[in-house]
$ cat protein_2.cif   # mmCIF, C-alpha atoms and all ligand atoms
data_target
loop_
_atom_site.label_atom_id
_atom_site.label_comp_id
_atom_site.auth_asym_id
_atom_site.auth_seq_id
_atom_site.Cartn_x
_atom_site.Cartn_y
_atom_site.Cartn_z
CA MET A 1 -39.23 -59.22 146.72
CA LYS A 2 -36.79 -61.08 144.53
CA LYS A 3 -35.11 -58.80 141.99
CA ALA A 4 -36.26 -59.42 138.41
CA GLN A 5 -33.60 -61.22 136.42
CA MET A 6 -33.53 -61.50 132.67
CA VAL A 7 -29.96 -62.76 132.31
CA ILE A 8 -29.42 -66.47 132.69
CA GLU A 9 -28.34 -67.57 136.15
CA SER A 10 -24.71 -68.17 135.26
CA SER A 11 -24.41 -64.69 133.71
CA ALA A 12 -25.81 -62.77 136.70
CA ARG A 13 -23.01 -60.48 137.87
CA GLU A 14 -22.62 -57.98 140.66
CA GLY A 15 -22.54 -54.41 139.42
CA GLY A 16 -20.20 -51.65 140.49
CA THR A 17 -17.00 -50.30 139.20
CA ASP A 18 -13.90 -52.48 139.13
CA PRO A 19 -12.15 -51.73 142.47
CA ILE A 20 -8.92 -50.65 140.75
CA PHE A 21 -10.72 -48.18 138.51
CA ARG A 22 -12.76 -46.91 141.48
CA ILE A 23 -9.72 -46.08 143.58
CA ALA A 24 -7.96 -44.62 140.53
CA GLY A 25 -10.99 -42.32 140.08
CA ALA A 26 -10.77 -41.22 143.72
CA ALA A 27 -7.04 -40.50 143.30
CA GLU A 28 -7.69 -38.39 140.25
CA LYS A 29 -10.33 -36.37 142.09
CA ARG A 30 -7.96 -35.75 145.01
CA THR A 31 -5.19 -34.66 142.61
CA LYS A 32 -7.56 -32.07 141.11
CA GLU A 33 -8.40 -30.77 144.60
CA TYR A 34 -4.91 -30.68 146.15
CA GLY A 35 -2.50 -30.74 143.21
CA ALA A 36 -0.20 -33.51 141.94
CA ASP A 37 2.59 -32.90 144.48
CA ALA A 38 0.30 -33.60 147.43
CA VAL A 39 -0.98 -36.94 146.15
CA ILE A 40 0.74 -40.31 145.60
CA ASN A 41 -1.34 -42.19 143.05
CA SER A 42 0.02 -45.71 142.74
CA THR A 43 -3.14 -47.23 141.31
CA ILE A 44 -2.44 -46.91 137.60
CA GLY A 45 -1.20 -49.92 135.62
CA ALA A 46 0.44 -47.84 132.90
CA LEU A 47 3.74 -46.02 132.57
CA MET A 48 3.38 -42.41 133.69
CA ASP A 49 6.08 -39.77 133.56
CA ASP A 50 7.10 -37.84 136.68
CA ASN A 51 4.39 -35.25 136.02
CA GLY A 52 1.72 -37.94 136.07
CA ASP A 53 1.16 -37.91 132.31
CA LEU A 54 0.81 -41.13 130.30
CA VAL A 55 4.03 -42.07 128.48
CA THR A 56 3.55 -42.60 124.75
CA PHE A 57 6.35 -43.64 122.41
CA ASN A 58 6.93 -41.25 119.49
CA ALA A 59 8.12 -44.13 117.30
CA VAL A 60 4.69 -45.69 117.74
CA TYR A 61 2.45 -42.65 117.41
CA ASP A 62 4.38 -40.91 114.62
CA THR A 63 4.15 -44.18 112.69
CA LEU A 64 0.46 -44.73 113.40
CA LYS A 65 -0.47 -41.16 112.48
CA GLY A 66 1.66 -41.32 109.34
CA LEU A 67 -0.19 -44.34 107.95
CA PRO A 68 -2.50 -43.76 105.01
CA ASN A 69 -6.13 -43.69 106.18
CA HIS A 70 -7.03 -46.92 104.46
CA LEU A 71 -4.41 -48.86 106.46
CA ILE A 72 -6.03 -47.63 109.65
CA ALA A 73 -9.65 -47.85 108.57
CA ASN A 74 -9.73 -51.19 106.85
CA TYR A 75 -10.51 -54.57 108.33
CA SER A 76 -7.56 -56.82 108.99
CA GLY A 77 -7.45 -60.50 108.07
CA LEU A 78 -9.37 -62.63 110.56
CA SER A 79 -6.25 -64.18 112.01
CA GLY A 80 -4.39 -60.85 111.68
CA GLN A 81 -2.45 -59.23 108.82
CA PRO A 82 0.06 -61.80 107.43
CA ASP A 83 3.08 -59.51 107.85
CA PHE A 84 2.02 -58.60 111.40
CA LEU A 85 1.73 -62.30 112.23
CA GLU A 86 5.38 -62.74 111.28
CA LYS A 87 6.64 -59.61 113.00
CA VAL A 88 4.79 -60.33 116.24
CA ILE A 89 6.69 -63.62 116.52
CA GLU A 90 9.92 -61.59 116.20
CA ALA A 91 8.67 -59.10 118.79
CA CYS A 92 7.84 -61.92 121.18
CA PHE A 93 10.99 -64.07 120.94
CA LYS A 94 13.62 -61.69 119.46
CA SER A 95 16.86 -63.72 119.47
CA CYS A 96 15.50 -66.48 121.76
CA LYS A 97 13.17 -68.34 119.42
CA PRO A 98 12.35 -71.80 120.74
CA GLU A 99 12.34 -74.91 118.55
CA GLY A 100 8.93 -76.12 117.45
CA TYR A 101 6.11 -75.17 115.12
CA ILE A 102 5.55 -71.50 115.85
CA ARG A 103 2.39 -69.73 114.68
CA SER A 104 0.52 -66.62 115.78
CA VAL A 105 -3.02 -65.28 115.69
CA ALA A 106 -3.73 -61.61 116.37
CA THR A 107 -5.90 -60.80 119.40
CA PRO A 108 -7.11 -57.58 121.02
CA GLY A 109 -4.29 -57.32 123.55
CA GLY A 110 -2.97 -60.07 125.76
CA THR A 111 -6.46 -60.35 127.23
CA GLY A 112 -7.74 -61.82 123.98
CA ALA A 113 -4.91 -64.33 123.98
CA VAL A 114 -5.71 -65.41 127.53
CA ARG A 115 -9.36 -65.79 126.55
CA HIS A 116 -8.59 -67.98 123.54
CA ALA A 117 -6.25 -70.17 125.58
CA PHE A 118 -8.79 -70.68 128.38
CA TYR A 119 -11.69 -71.30 126.03
CA ASN A 120 -10.02 -73.60 123.54
CA TYR A 121 -7.56 -75.56 125.63
CA THR A 122 -9.73 -76.56 128.61
CA GLU A 123 -13.13 -78.26 128.79
CA PHE A 124 -16.25 -76.46 130.07
CA GLY A 125 -16.17 -76.59 133.88
CA ASP A 126 -12.44 -77.41 134.00
CA THR A 127 -10.20 -75.73 136.53
CA ILE A 128 -7.31 -73.54 135.39
CA LEU A 129 -4.14 -73.30 137.47
CA LEU A 130 -2.90 -69.90 138.68
CA THR A 131 -0.41 -68.71 141.29
CA ASP A 132 -2.01 -67.35 144.48
CA TRP A 133 -0.91 -63.81 143.64
CA TYR A 134 -2.54 -63.25 140.28
CA TRP A 135 -3.94 -60.70 137.84
CA ALA A 136 -7.64 -60.59 138.80
CA PRO A 137 -9.01 -60.64 135.22
CA TYR A 138 -7.79 -64.26 134.83
CA LYS A 139 -10.65 -65.23 137.11
CA THR A 140 -13.11 -62.99 135.26
CA ILE A 141 -12.07 -64.49 131.92
CA ALA A 142 -12.29 -68.03 133.32
CA HIS A 143 -15.79 -67.41 134.68
CA GLU A 144 -16.87 -65.73 131.46
CA CYS A 145 -15.76 -68.93 129.72
CA ARG A 146 -17.50 -71.07 132.38
CA ARG A 147 -14.26 -72.35 133.81
CA GLU A 148 -12.98 -72.31 137.38
CA VAL A 149 -9.60 -71.32 138.76
CA THR A 150 -7.47 -72.77 141.51
CA THR A 151 -4.21 -71.48 142.91
CA PHE A 152 -1.01 -72.70 144.52
CA PRO A 153 1.25 -70.60 146.78
CA MET A 154 3.57 -68.78 144.41
CA TYR A 155 6.49 -68.37 146.83
CA ASN A 156 8.35 -70.96 148.89
CA GLU A 157 9.89 -70.17 152.28
CA LYS A 158 12.98 -68.74 150.52
CA GLY A 159 10.81 -66.26 148.66
CA THR A 160 11.49 -67.90 145.29
CA PHE A 161 9.15 -69.77 142.95
CA ASN A 162 7.34 -72.62 144.70
CA ILE A 163 8.08 -75.38 142.20
CA GLU A 164 6.93 -78.11 144.59
CA GLY A 165 3.52 -76.42 144.92
CA PHE A 166 3.29 -76.09 141.16
CA LYS A 167 4.10 -79.78 140.64
CA LYS A 168 1.58 -80.90 143.25
CA SER A 169 -1.24 -78.85 141.71
CA VAL A 170 -0.46 -79.97 138.15
CA LEU A 171 -0.54 -83.64 139.21
CA GLU A 172 -3.79 -83.17 141.14
CA LEU A 173 -5.49 -81.47 138.20
CA LEU A 174 -4.26 -84.15 135.80
CA ASP A 175 -5.78 -86.77 138.07
CA GLN A 176 -9.13 -84.97 137.94
CA GLN A 177 -9.22 -83.67 134.37
CA LYS A 178 -6.53 -85.42 132.32
CA ARG A 179 -5.70 -81.95 131.02
CA VAL A 180 -4.18 -78.97 132.73
CA LEU A 181 -3.70 -75.37 131.67
CA ALA A 182 -1.29 -73.49 133.92
CA VAL A 183 -0.74 -69.74 133.61
CA LEU A 184 2.76 -68.53 134.32
CA ASN A 185 2.84 -64.75 134.29
CA THR A 186 6.54 -64.08 133.94
CA PRO A 187 8.86 -62.18 133.63
CA ALA A 188 7.82 -59.26 135.85
CA HIS A 189 4.65 -60.79 137.22
CA ASN A 190 1.60 -58.66 137.96
CA PRO A 191 1.14 -57.87 140.88
CA THR A 192 4.45 -58.93 142.48
CA GLY A 193 7.17 -58.22 139.93
CA TYR A 194 8.55 -61.77 140.32
CA THR A 195 10.48 -63.34 137.44
CA ILE A 196 10.88 -67.09 137.23
CA SER A 197 14.66 -67.66 136.90
CA ASP A 198 16.22 -69.75 134.14
CA ASP A 199 17.15 -72.43 136.71
CA GLU A 200 13.56 -72.54 137.94
CA TRP A 201 12.40 -72.83 134.34
CA LYS A 202 14.75 -75.79 133.84
CA GLU A 203 13.08 -77.57 136.74
CA ILE A 204 9.60 -76.71 135.47
CA VAL A 205 10.44 -77.95 131.98
CA ALA A 206 11.98 -81.21 133.29
CA PHE A 207 8.90 -81.86 135.43
CA VAL A 208 6.47 -81.08 132.61
CA ALA A 209 8.36 -83.30 130.15
CA LYS A 210 8.57 -86.20 132.61
CA THR A 211 4.90 -85.93 133.60
CA ALA A 212 3.80 -85.74 129.97
CA ASN A 213 5.90 -88.83 129.13
CA ASP A 214 4.61 -90.72 132.19
CA GLN A 215 1.01 -89.85 131.29
CA PRO A 216 0.90 -89.99 127.48
CA ASP A 217 -2.89 -89.61 127.39
CA SER A 218 -2.81 -86.38 129.36
CA LYS A 219 -2.40 -82.88 127.96
CA ILE A 220 -0.34 -80.10 129.52
CA ILE A 221 -0.71 -76.54 128.32
CA LEU A 222 1.60 -73.83 129.62
CA LEU A 223 0.34 -70.32 129.03
CA VAL A 224 3.17 -67.85 129.44
CA ASP A 225 1.73 -64.38 129.94
CA LEU A 226 4.55 -62.00 129.15
CA ALA A 227 2.71 -58.68 129.18
CA TYR A 228 5.63 -56.98 130.99
CA ILE A 229 8.62 -58.70 129.38
CA ASP A 230 10.14 -55.61 127.81
CA PHE A 231 10.59 -54.04 131.24
CA ALA A 232 12.43 -57.02 132.72
CA GLY A 233 16.09 -58.03 132.93
CA GLU A 234 18.99 -56.50 131.05
CA GLY A 235 19.01 -56.36 127.27
CA GLU A 236 17.26 -59.49 126.06
CA ASP A 237 18.18 -61.80 128.91
CA ALA A 238 14.57 -61.92 130.15
CA ARG A 239 13.90 -64.00 127.03
CA ASN A 240 16.52 -66.69 127.69
CA PHE A 241 13.95 -69.03 129.23
CA MET A 242 12.10 -69.29 125.91
CA THR A 243 14.73 -71.51 124.33
CA LEU A 244 14.38 -73.92 127.28
CA LEU A 245 10.77 -74.49 126.29
CA SER A 246 11.81 -76.42 123.19
CA GLY A 247 11.46 -80.01 122.08
CA LEU A 248 8.75 -80.94 124.58
CA PRO A 249 6.71 -84.17 124.27
CA HIS A 250 3.78 -84.49 121.84
CA ASN A 251 1.21 -83.82 124.60
CA VAL A 252 2.67 -80.49 125.77
CA LEU A 253 1.78 -77.19 124.18
CA THR A 254 3.34 -73.86 125.03
CA LEU A 255 1.26 -70.76 124.38
CA TYR A 256 2.44 -67.16 124.75
CA ALA A 257 0.09 -64.25 125.42
CA PHE A 258 1.78 -61.33 123.69
CA SER A 259 0.63 -57.80 124.51
CA ALA A 260 1.60 -54.54 122.81
CA SER A 261 -0.10 -52.55 125.59
CA LYS A 262 2.90 -51.90 127.85
CA SER A 263 5.82 -52.72 125.53
CA TYR A 264 4.67 -50.27 122.86
CA THR A 265 2.38 -48.00 124.95
CA MET A 266 -0.59 -49.19 122.88
CA TYR A 267 -3.00 -49.89 125.75
CA GLY A 268 -6.18 -48.57 124.12
CA LEU A 269 -5.28 -49.75 120.64
CA ARG A 270 -5.97 -53.34 121.68
CA ASN A 271 -3.10 -55.09 119.99
CA GLY A 272 -1.64 -58.47 120.85
CA ALA A 273 -1.40 -62.07 119.77
CA ILE A 274 -1.61 -65.62 120.94
CA ILE A 275 1.47 -67.53 119.83
CA CYS A 276 1.98 -71.29 119.95
CA VAL A 277 5.13 -73.36 120.05
CA ALA A 278 3.64 -76.68 119.02
CA PRO A 279 5.29 -80.11 118.98
CA THR A 280 3.86 -80.97 115.52
CA GLN A 281 2.70 -79.22 112.37
CA ASP A 282 -0.82 -80.60 112.90
CA ILE A 283 -1.12 -79.13 116.37
CA ALA A 284 0.11 -75.78 115.06
CA ASP A 285 -2.43 -75.82 112.19
CA GLU A 286 -5.20 -76.77 114.60
CA PHE A 287 -4.14 -73.83 116.82
CA VAL A 288 -4.43 -71.35 113.94
CA ASN A 289 -7.79 -72.69 112.75
CA THR A 290 -9.27 -72.72 116.23
CA CYS A 291 -8.05 -69.30 117.33
CA THR A 292 -9.06 -67.72 114.00
CA PHE A 293 -12.54 -69.19 114.43
CA SER A 294 -12.60 -67.78 117.98
CA ASN A 295 -11.65 -64.34 116.62
CA ARG A 296 -14.58 -64.47 114.20
CA GLY A 297 -16.95 -65.65 116.92
CA ASN A 298 -15.97 -62.97 119.42
CA TRP A 299 -14.67 -59.70 117.97
CA SER A 300 -14.10 -60.54 114.33
CA ASN A 301 -10.82 -58.84 113.43
CA GLY A 302 -8.27 -56.90 115.42
CA THR A 303 -7.18 -53.25 115.07
CA ARG A 304 -5.65 -52.85 111.63
CA GLY A 305 -3.74 -49.58 112.24
CA ALA A 306 -2.14 -51.02 115.38
CA MET A 307 -0.96 -54.10 113.48
CA GLU A 308 0.41 -51.95 110.63
CA THR A 309 2.30 -49.85 113.16
CA ILE A 310 4.07 -52.85 114.71
CA THR A 311 4.79 -54.24 111.25
CA LYS A 312 6.36 -50.97 110.12
CA ILE A 313 8.46 -50.63 113.27
CA PHE A 314 9.78 -54.17 112.89
CA SER A 315 10.47 -53.67 109.16
CA THR A 316 12.33 -50.34 109.38
CA GLU A 317 15.71 -50.43 111.09
CA GLU A 318 15.81 -46.79 112.13
CA LEU A 319 12.30 -46.85 113.50
CA TYR A 320 12.98 -50.07 115.37
CA HIS A 321 16.04 -48.52 117.03
CA GLN A 322 14.03 -45.45 117.96
CA ALA A 323 11.29 -47.60 119.53
CA MET A 324 13.88 -49.66 121.45
CA ALA A 325 15.63 -46.50 122.65
CA GLU A 326 12.33 -45.15 124.00
CA GLN A 327 11.54 -48.49 125.61
CA SER A 328 14.93 -48.74 127.29
CA PHE A 329 14.82 -45.11 128.47
CA TYR A 330 11.58 -45.77 130.35
CA LYS A 331 12.76 -49.19 131.48
CA SER A 332 15.65 -47.51 133.27
CA ILE A 333 13.33 -44.93 134.84
CA LEU A 334 11.10 -47.74 136.07
CA LYS A 335 14.10 -49.62 137.48
CA ALA A 336 15.31 -46.53 139.35
CA ARG A 337 11.85 -45.96 140.85
CA ALA A 338 11.45 -49.58 141.93
CA LYS A 339 14.98 -49.61 143.36
CA ALA A 340 14.18 -46.53 145.44
CA PHE A 341 11.02 -48.16 146.81
CA VAL A 342 12.68 -51.52 147.59
CA GLU A 343 15.76 -49.89 149.19
CA GLU A 344 13.59 -47.76 151.44
CA ALA A 345 11.29 -50.68 152.31
CA ASN A 346 14.32 -52.79 153.29
CA ALA A 347 15.77 -49.95 155.34
CA ILE A 348 12.64 -49.64 157.48
CA ASP A 349 11.69 -53.35 157.47
CA LEU A 350 8.55 -53.09 155.40
CA LYS A 351 7.96 -56.65 154.23
CA LEU A 352 7.61 -57.20 150.47
CA VAL A 353 7.19 -60.38 148.48
CA THR A 354 10.18 -60.96 146.20
CA TYR A 355 10.30 -58.30 143.48
CA CYS A 356 12.54 -58.63 140.43
CA ASP A 357 11.23 -56.30 137.74
CA GLY A 358 8.23 -54.63 136.25
CA PHE A 359 5.30 -52.35 136.89
CA PHE A 360 4.19 -53.55 140.35
CA ILE A 361 5.51 -54.37 143.82
CA SER A 362 3.38 -56.22 146.40
CA ILE A 363 3.28 -55.76 150.14
CA PRO A 364 1.65 -58.66 152.01
CA CYS A 365 -0.57 -57.56 154.90
CA LYS A 366 -3.53 -58.77 156.91
CA ASP A 367 -6.24 -56.26 156.06
CA PRO A 368 -5.31 -54.69 152.72
CA LYS A 369 -8.64 -52.87 152.31
CA ALA A 370 -8.39 -51.16 155.69
CA VAL A 371 -4.76 -50.14 155.06
CA SER A 372 -5.62 -48.80 151.60
CA THR A 373 -8.59 -46.83 153.01
CA LEU A 374 -6.45 -45.35 155.77
CA LEU A 375 -3.77 -44.37 153.27
CA MET A 376 -6.37 -42.55 151.18
CA GLU A 377 -6.87 -40.18 154.12
CA LYS A 378 -3.16 -39.40 153.80
CA ASN A 379 -3.46 -38.74 150.06
CA MET A 380 -1.82 -42.00 149.13
CA PHE A 381 -3.73 -44.29 146.78
CA ILE A 382 -2.73 -47.93 146.58
CA VAL A 383 -4.65 -50.96 145.34
CA ALA A 384 -5.88 -53.49 147.91
CA LEU A 385 -5.66 -57.09 146.72
CA GLY A 386 -6.74 -60.27 148.49
CA LYS A 387 -3.29 -60.94 149.96
CA GLY A 388 -1.83 -57.47 150.26
CA LEU A 389 -1.28 -54.11 148.63
CA ARG A 390 -0.11 -53.40 145.10
CA PHE A 391 2.20 -50.44 144.65
CA ALA A 392 2.82 -49.25 141.09
CA PRO A 393 6.27 -47.71 140.51
CA CYS A 394 5.27 -47.47 136.83
CA ALA A 395 3.03 -44.55 137.80
CA VAL A 396 4.93 -42.83 140.65
CA SER A 397 8.04 -40.62 140.52
CA GLU A 398 11.28 -41.82 142.12
CA GLU A 399 11.00 -39.22 144.86
CA LYS A 400 7.50 -40.42 145.78
CA CYS A 401 8.62 -44.07 145.52
CA ARG A 402 11.21 -43.31 148.16
CA ARG A 403 8.65 -41.63 150.43
CA SER A 404 5.97 -44.31 150.10
CA PRO A 405 7.28 -47.26 152.17
CA ALA A 406 7.24 -45.23 155.41
CA LEU A 407 3.62 -44.19 154.82
CA ILE A 408 2.60 -47.77 154.06
CA LEU A 409 4.41 -49.21 157.07
CA GLN A 410 2.83 -46.66 159.38
CA ALA A 411 -0.66 -47.41 158.03
CA ILE A 412 -0.13 -51.19 158.38
CA LYS A 413 0.96 -50.68 162.00
CA GLU A 414 -2.01 -48.44 162.77
CA ILE A 415 -4.45 -51.00 161.38
CA GLU A 416 -2.75 -53.98 162.99
CA ASP A 417 -2.61 -52.19 166.36
CA CYS A 418 -6.40 -51.71 166.17
CA VAL A 419 -7.18 -55.44 165.97
C1 LIG B 501 -0.70 -59.87 133.81
C2 LIG B 501 -1.35 -59.24 132.62
N1 LIG B 501 -1.61 -60.01 131.57
C3 LIG B 501 -2.18 -59.53 130.48
C4 LIG B 501 -2.53 -58.20 130.38
C5 LIG B 501 -3.19 -57.84 129.11
O1 LIG B 501 -3.24 -56.57 128.75
P1 LIG B 501 -3.83 -56.15 127.34
O2 LIG B 501 -5.07 -56.90 127.10
O3 LIG B 501 -4.05 -54.70 127.47
O4 LIG B 501 -2.77 -56.48 126.35
C6 LIG B 501 -2.28 -57.34 131.47
C7 LIG B 501 -2.69 -55.94 131.46
O5 LIG B 501 -2.80 -55.26 132.43
C8 LIG B 501 -1.68 -57.89 132.63
O6 LIG B 501 -1.41 -57.14 133.69
#
$ encode --input "protein_2.cif" --output "structure tokens"
Amino acid sequence: MKKAQMVIESSAREGGTDPIFRIAGAAEKRTKEYGADAVINSTIGALMDDNGDLVTFNAVYDTLKGLPNHLIANYSGLSGQPDFLEKVIEACFKSCKPEGYIRSVATPGGTGAVRHAFYNYTEFGDTILLTDWYWAPYKTIAHECRREVTTFPMYNEKGTFNIEGFKKSVLELLDQQKRVLAVLNTPAHNPTGYTISDDEWKEIVAFVAKTANDQPDSKIILLVDLAYIDFAGEGEDARNFMTLLSGLPHNVLTLYAFSASKSYTMYGLRNGAIICVAPTQDIADEFVNTCTFSNRGNWSNGTRGAMETITKIFSTEELYHQAMAEQSFYKSILKARAKAFVEEANAIDLKLVTYCDGFFISIPCKDPKAVSTLLMEKNMFIVALGKGLRFAPCAVSEEKCRRSPALILQAIKEIEDCV
């Protein structure tokens, strides 16, 4: 008998827990049974200390808890609190502000920014361009908005960014839709850790500008998802590319999805923004009006206390330095863990896709699910993706990062020997 269905056809979804949360739950259970030392849990997409506890910045939580109740409890403005909207632009660009009309609208995390970009800058049924390694929720958000996604191979044969593939896909989509929205999740891409270099950016920008000039009736929207930027590069050099995205033609819009989740350990506080660098004042005003309307039509306002916290940190020198010191302390821990993993993988010939920085490292393999299931038997928990495995140095101590490649390589060999 056909199952009764009350939801409309296009909203019918398969149930079940998100696969990442399911495996994370299994890892937690195993840790309770055997103790933390016996288990390698590389499923978590958040910074954990070496004892497996969530890292939280004191500068953030002392500030939040010190706010008067009314600044936590009250609604915020629909587009966000005015002072937050200024400070979030500072937090995004720091000393690398591009030229253009820059405006921001607060969103619940980077997710909200991605949603607003997909919904407002593509037509219903349009196809959004992603790299073939991608953060799975992009597809969920696209489908929720009744859009499709397509991908191009992210790496070329040298293991660097596949600019030719990007160009080809942009031109194809422009032919079909006259409008293209491409997501570039950089620096420190999830799930690979790849960072598009400044030279690669120069080529991307030159191509986008030329294409936009050649096709003046088309529209090109670049959505830069920089959820992991504060854990990439040295000092502020991960932001250098931003100034390259300046002075683009009238039919190009750059959007940034800013997230306070990782940079300020504010995951559950749902704090972020969508930021535009528009070629004209009118396009910037239109951006603010549209995204504010979208806020009202989806979740109304954002989290007031979280906005006030960022505002206070960016308005108080001492507090800002404290927050940056905490960020850079954990950034160096993350770098040491990732270095240990990559060194060991190279030493034993475990193949990785190019990693530069950030929370995740990816290992391409033929049957990721089977390898991940086999590793679970050995008390190692790793996320299986479509094209490989995702290891999370953000959540695993340096010592365990060094031990992990051998376990993974052995499991890949066992599975591949079986087929
Ligand atoms: C690639 C990427 N983009 C955006 C986000 C958005 O996170 P949030 O909505 O918590 O800010 C995440 C979080 O995991 C992510 O991995």
$ residues_near_ligand --input "protein_2.cif" --ligand "ligand LIG 501 (chain B)" --cutoff "10 Å" --atoms "all atoms listed in the file" --output "MDAnalysis selection string"
chainID A and resid 44:46 107:115 134:138 183:191 224:228 257:263 265:273 359:360
$ residues_around --input "protein_2.cif" --residues "Ala106 (chain A)" --least-positions-apart "6" --cutoff "12 Å" --atoms "all atoms listed in the file" --output "mmCIF file with C-alpha atoms, in the coordinates of the input"
data_model
loop_
_atom_site.group_PDB
_atom_site.id
_atom_site.type_symbol
_atom_site.label_atom_id
_atom_site.label_comp_id
_atom_site.auth_asym_id
_atom_site.auth_seq_id
_atom_site.Cartn_x
_atom_site.Cartn_y
_atom_site.Cartn_z
ATOM 1 C CA SER A 76 -7.560 -56.820 108.990
ATOM 2 C CA GLY A 77 -7.450 -60.500 108.070
ATOM 3 C CA LEU A 78 -9.370 -62.630 110.560
ATOM 4 C CA SER A 79 -6.250 -64.180 112.010
ATOM 5 C CA GLY A 80 -4.390 -60.850 111.680
ATOM 6 C CA GLN A 81 -2.450 -59.230 108.820
ATOM 7 C CA PRO A 82 0.060 -61.800 107.430
ATOM 8 C CA ASP A 83 3.080 -59.510 107.850
ATOM 9 C CA PHE A 84 2.020 -58.600 111.400
ATOM 10 C CA LEU A 85 1.730 -62.300 112.230
ATOM 11 C CA GLU A 86 5.380 -62.740 111.280
ATOM 12 C CA LYS A 87 6.640 -59.610 113.000
ATOM 13 C CA VAL A 88 4.790 -60.330 116.240
ATOM 14 C CA ILE A 89 6.690 -63.620 116.520
ATOM 15 C CA GLY A 112 -7.740 -61.820 123.980
ATOM 16 C CA ALA A 113 -4.910 -64.330 123.980
ATOM 17 C CA VAL A 114 -5.710 -65.410 127.530
ATOM 18 C CA HIS A 116 -8.590 -67.980 123.540
ATOM 19 C CA TYR A 256 2.440 -67.160 124.750
ATOM 20 C CA ALA A 257 0.090 -64.250 125.420
ATOM 21 C CA PHE A 258 1.780 -61.330 123.690
ATOM 22 C CA SER A 259 0.630 -57.800 124.510
ATOM 23 C CA ALA A 260 1.600 -54.540 122.810
ATOM 24 C CA ARG A 270 -5.970 -53.340 121.680
ATOM 25 C CA ASN A 271 -3.100 -55.090 119.990
ATOM 26 C CA GLY A 272 -1.640 -58.470 120.850
ATOM 27 C CA ALA A 273 -1.400 -62.070 119.770
ATOM 28 C CA ILE A 274 -1.610 -65.620 120.940
ATOM 29 C CA ILE A 275 1.470 -67.530 119.830
ATOM 30 C CA CYS A 276 1.980 -71.290 119.950
ATOM 31 C CA VAL A 288 -4.430 -71.350 113.940
ATOM 32 C CA CYS A 291 -8.050 -69.300 117.330
ATOM 33 C CA THR A 292 -9.060 -67.720 114.000
ATOM 34 C CA PHE A 293 -12.540 -69.190 114.430
ATOM 35 C CA SER A 294 -12.600 -67.780 117.980
ATOM 36 C CA ASN A 295 -11.650 -64.340 116.620
ATOM 37 C CA ARG A 296 -14.580 -64.470 114.200
ATOM 38 C CA TRP A 299 -14.670 -59.700 117.970
ATOM 39 C CA SER A 300 -14.100 -60.540 114.330
ATOM 40 C CA ASN A 301 -10.820 -58.840 113.430
ATOM 41 C CA GLY A 302 -8.270 -56.900 115.420
ATOM 42 C CA THR A 303 -7.180 -53.250 115.070
ATOM 43 C CA ARG A 304 -5.650 -52.850 111.630
ATOM 44 C CA ALA A 306 -2.140 -51.020 115.380
ATOM 45 C CA MET A 307 -0.960 -54.100 113.480
ATOM 46 C CA GLU A 308 0.410 -51.950 110.630
ATOM 47 C CA ILE A 310 4.070 -52.850 114.710
#
$ atom_distance --input "protein_2.cif" --atom1 "CA of Asp285 (chain A)" --atom2 "CA of Pro249 (chain A)"
17.3 Å
$ atom_distance --input "protein_2.cif" --atom1 "CA of Tyr194 (chain A)" --atom2 "CA of Ala59 (chain A)"
29.0 Å
$ residues_around --input "protein_2.cif" --residues "Glu172 (chain A)" --least-positions-apart "4" --cutoff "12 Å" --atoms "only C-alpha atoms" --output "PyMOL selection string"
chain A and resi 127-129+150-152+165-168+176-180+211
$ write_last_selection --input "protein_2.cif" --atoms "C-alpha atoms" --output "short mmCIF file (atom, residue, chain, number, x, y, z; two decimals), in the coordinates of the input"
data_model
loop_
_atom_site.label_atom_id
_atom_site.label_comp_id
_atom_site.auth_asym_id
_atom_site.auth_seq_id
_atom_site.Cartn_x
_atom_site.Cartn_y
_atom_site.Cartn_z
CA THR A 127 -10.20 -75.73 136.53
CA ILE A 128 -7.31 -73.54 135.39
CA LEU A 129 -4.14 -73.30 137.47
CA THR A 150 -7.47 -72.77 141.51
CA THR A 151 -4.21 -71.48 142.91
CA PHE A 152 -1.01 -72.70 144.52
CA GLY A 165 3.52 -76.42 144.92
CA PHE A 166 3.29 -76.09 141.16
CA LYS A 167 4.10 -79.78 140.64
CA LYS A 168 1.58 -80.90 143.25
CA GLN A 176 -9.13 -84.97 137.94
CA GLN A 177 -9.22 -83.67 134.37
CA LYS A 178 -6.53 -85.42 132.32
CA ARG A 179 -5.70 -81.95 131.02
CA VAL A 180 -4.18 -78.97 132.73
CA THR A 211 4.90 -85.93 133.60
#
$ residues_around --input "protein_2.cif" --residues "Lys387 (chain A)" --least-positions-apart "3" --cutoff "8 Å" --atoms "all atoms listed in the file" --output "JSON, numbers by chain"
{"A": [133, 364, 365, 366, 368]}
$ closest_residue --input "protein_2.cif" --among "A:Ser10, A:Ser246, A:Thr254, A:Thr43" --to "Ala384 (chain A)" --atoms "only C-alpha atoms"
A:Thr43
$ atom_distance --input "protein_2.cif" --atom1 "CA of Asn41 (chain A)" --atom2 "CA of Phe381 (chain A)"
4.9 Å
$ residues_near_point --input "protein_2.cif" --point "(-10.5, -47.3, 139.7)" --cutoff "12 Å" --atoms "all atoms listed in the file" --output "list in words"
Gly16, Thr17, Asp18, Pro19, Ile20, Phe21, Arg22, Ile23, Ala24, Gly25, Ala26, Ala27, Glu28, Lys29, Asn41, Ser42, Thr43, Ile44, Gly45, Phe381, Ile382, Val383 and Ala384 of chain A
$ decode --input "protein_2.cif" --residues "region 50-54 of chain A" --atoms "C-alpha atoms" --output "short mmCIF file (atom, residue, chain, number, x, y, z; two decimals), in the first residue's frame"
data_model
loop_
_atom_site.label_atom_id
_atom_site.label_comp_id
_atom_site.auth_asym_id
_atom_site.auth_seq_id
_atom_site.Cartn_x
_atom_site.Cartn_y
_atom_site.Cartn_z
CA ASP A 50 43.05 17.26 23.51
CA ASN A 51 40.68 15.88 26.15
CA GLY A 52 37.81 15.88 23.68
CA ASP A 53 36.06 18.89 25.20
CA LEU A 54 34.61 21.69 23.06
#
